[in-house]
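Enquirer: This is the structure I want to talk about, given as C-alpha cells.
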Amino acid sequence: MAEPTVGVLAVQGDVREHLGALEAVGARAIRVRRPTEVEAIDALVIPGGESTVIDKLVRMFGLHEPLRARLAGGMPAYGSCAGMIMLADRVEDGRPDQQTLGGLDITVRRNAFGRQVDSFEDDLHIRELGPQPLRAVFIRAPWVEVVGPEVQVLARVETGPAAGRIVAVRQGTLLATSFHPEVTGDHRVHRYFVEMVGPARPD
Ligand code: GLN
C-alpha cells in the first residue's frame, strides 16, 4: 500500500520537526505553502507557532479557501497548539480579526494557561496511544473549553492547577493537541494520525 502524502502547513512555526516525525512513522511529508500544493496532499498537519500570524499568512498566500474546501471535503488534519486553534470552530481570547480554518466543533481558549506559566510539561495517559504515558510539552498553549457532541476527548491535563483541562481531541479524521509531540522524539501521536489517514488516495 502506498504511504500517504501528508502536507505540513509551512507558513510559520515548527515545520521541520513535524516533517521529521511524519517521515519517521512512514508517511511522505511535504511542505505546503502554495494553493497548488493543497491539491497534492492526502492529509494536513498544522504546526505550532503563532495562530494570529499563521492565519494572516494563510490568507495572504491564498491558502484559506483551498484549505477550507479540502477540510470541508473530509481531508484528515492534525493541529498542534497554534494548529489546534486553526482547526477550531471558535476561539476565546483571539485577536478581533483572527480567523480559523475550522472543522473541529470546539471552543479553544488561546494562551489559556496564563502568563505566569508560559510553558510546562505533564505526563498524559492516552488510551489510544497505549499504556505508556506521553510526555506532553505545552508552550503558551490553548486548552479546549467546550466540545461539541461529535468530539472525543483524548486527554486532559493530569497535574497542577490546570488539571482536568482538555488538551487533546478527535472528531472523525480531525485531531488536535494543545501540546507539541514533535519535540520529544516520541512519535506515537504522529503514528496515530498517519494510521487514521490510511493509505494514499488513488488518483
Ligand atoms: N500562543 C500561540 C497562539 O496563540 C500558540 C503557541 C504555540 O503554538 N506554541 O497561536
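Labeling convention for the C-alpha cells: chains A, B, ... as they appear, residues from 1 per chain, ligands from 1 in order of appearance.
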Which residues are near ligand 1 - at most 8 Å, using only C-alpha atoms and all ligand atoms? Format: as a PDB file with C-alpha atoms, in the first residue's frame.
Expert:
```
ATOM      1  CA  GLY A  13       6.058  27.613  13.159  1.00  0.00           C
ATOM      2  CA  PRO A  47       2.238  23.062  13.371  1.00  0.00           C
ATOM      3  CA  GLY A  48       2.575  25.149  16.480  1.00  0.00           C
ATOM      4  CA  GLY A  49       3.714  28.716  16.150  1.00  0.00           C
ATOM      5  CA  GLU A  50       1.540  31.777  16.468  1.00  0.00           C
ATOM      6  CA  SER A  51      -2.028  31.320  15.291  1.00  0.00           C
ATOM      7  CA  THR A  52      -2.599  35.006  14.503  1.00  0.00           C
ATOM      8  CA  VAL A  53       0.467  35.002  12.234  1.00  0.00           C
ATOM      9  CA  ILE A  54      -0.399  31.654  10.643  1.00  0.00           C
ATOM     10  CA  SER A  80      -0.736  21.073  17.342  1.00  0.00           C
ATOM     11  CA  CYS A  81      -1.021  24.121  19.622  1.00  0.00           C
ATOM     12  CA  ALA A  82      -1.488  27.051  17.205  1.00  0.00           C
ATOM     13  CA  GLY A  83      -2.621  24.347  14.757  1.00  0.00           C
ATOM     14  CA  ILE A  85      -6.517  26.944  17.196  1.00  0.00           C
ATOM     15  CA  GLY A  94      -8.197  35.541  19.925  1.00  0.00           C
ATOM     16  CA  ARG A 110      -5.837  30.945  23.384  1.00  0.00           C
ATOM     17  CA  ASN A 111      -2.851  31.277  25.789  1.00  0.00           C
ATOM     18  CA  PHE A 138       2.954  22.899  26.458  1.00  0.00           C
ATOM     19  CA  ILE A 139       4.247  26.244  25.154  1.00  0.00           C
ATOM     20  CA  ARG A 140       1.840  29.200  25.545  1.00  0.00           C
ATOM     21  CA  ALA A 141      -0.760  26.603  24.778  1.00  0.00           C
ATOM     22  CA  PRO A 142      -4.501  26.809  24.303  1.00  0.00           C
ATOM     23  CA  SER A 178      -2.569  21.631  22.831  1.00  0.00           C
ATOM     24  CA  PHE A 179       0.929  20.241  23.243  1.00  0.00           C
ATOM     25  CA  HIS A 180       3.907  19.602  20.954  1.00  0.00           C
TER      26      HIS A 180
END
```
Enquirer: Please extract the residues of segment 78-194 of chain A with a backbone DSSP assignment of strand (DSSP E or B) and present them as a count of residues only.
Expert: 46
Enquirer: Suppose you want the space between atom CA of Ala72 of chain A and atom CA of His187 of chain A; what is it in Å?
Expert: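 These atoms are spaced 27.2 Å apart.
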Enquirer: Restricting the calculation to only C-alpha atoms: of A:Val58, A:Ile41, A:Val25, A:Val144, which residue gets closest to Ala200 of chain A?
Expert: A:Ile41
Enquirer: Considering only C-alpha atoms, state which residue in the set A:Gly102, A:Pro133, A:Gly26, A:Gly148 is at the smallest distance from Tyr192 of chain A.
Expert: A:Gly26
Enquirer: Residues near Ala10 of chain A, anyone? I mean within 7 Å using only C-alpha atoms, not counting same-chain ones fewer than 5 positions away, as a compact mmCIF listing (two decimals) with N, CA and C atoms, in the first residue's frame.
Expert:
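Dumped to out-v1.txt:
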```txt
# COMPACT_ATOMS: atom_id res chain seq x y z
N VAL A 15 7.82 23.69 11.56
CA VAL A 15 7.50 22.84 10.41
C VAL A 15 8.43 21.63 10.32
N ARG A 31 6.12 20.10 2.42
CA ARG A 31 5.72 21.43 2.88
C ARG A 31 4.58 21.96 2.01
N VAL A 32 3.64 22.63 2.65
CA VAL A 32 2.53 23.24 1.90
C VAL A 32 2.57 24.75 2.12
N ARG A 33 2.78 25.45 1.01
CA ARG A 33 2.89 26.91 1.07
C ARG A 33 2.09 27.57 -0.05
```
Enquirer: Contacts of segment 159-168 of chain A at 7 Å or less, counting only C-alpha atoms, minus same-chain residues fewer than 4 places along, as an MDAnalysis selection string?
Expert: chainID A and resid 122 143:144 153:155 176:178
Enquirer: Write the residues you've just listed into a file as a short mmCIF file (atom, residue, chain, number, x, y, z; two decimals), in the first residue's frame, and include N, CA and C atoms for each of them.
Expert:
```cif
data_model
loop_
_atom_site.label_atom_id
_atom_site.label_comp_id
_atom_site.auth_asym_id
_atom_site.auth_seq_id
_atom_site.Cartn_x
_atom_site.Cartn_y
_atom_site.Cartn_z
N ASP A 122 3.79 17.69 31.24
CA ASP A 122 2.98 16.78 32.04
C ASP A 122 3.03 15.41 31.35
N TRP A 143 -6.20 25.68 25.64
CA TRP A 143 -6.90 24.46 26.04
C TRP A 143 -8.29 24.49 25.42
N VAL A 144 -8.97 23.37 25.51
CA VAL A 144 -10.30 23.27 24.90
C VAL A 144 -11.33 23.53 25.98
N VAL A 153 -12.88 13.33 23.59
CA VAL A 153 -11.77 13.88 24.40
C VAL A 153 -10.73 12.78 24.57
N LEU A 154 -9.49 13.04 24.11
CA LEU A 154 -8.43 12.03 24.20
C LEU A 154 -7.55 12.23 25.42
N ALA A 155 -7.39 13.47 25.87
CA ALA A 155 -6.50 13.71 27.01
C ALA A 155 -6.86 14.98 27.75
N ALA A 176 -6.44 17.11 17.26
CA ALA A 176 -5.76 18.32 17.73
C ALA A 176 -5.22 18.09 19.13
N THR A 177 -4.02 18.64 19.36
CA THR A 177 -3.42 18.60 20.70
C THR A 177 -2.95 20.00 21.06
N SER A 178 -3.09 20.35 22.35
CA SER A 178 -2.57 21.63 22.83
C SER A 178 -1.06 21.61 22.92
#
```
Enquirer: Show me, as a list in words, the residues that have an atom within 9 Å of Leu134 of chain A when counting only C-alpha atoms, minus same-chain residues fewer than 6 positions from it.
Expert: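 Answer for this query is Asp122, Asp123, Leu124, His125, Ile126, Pro181, Asp186 and Arg188 of chain A.
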Enquirer: I need the residues in segment 56-150 of chain A that are helix (DSSP H, G or I) according to DSSP; give them as a PyMOL selection string.
Expert: chain A and resi 56-60+64-72+82-87+127-129
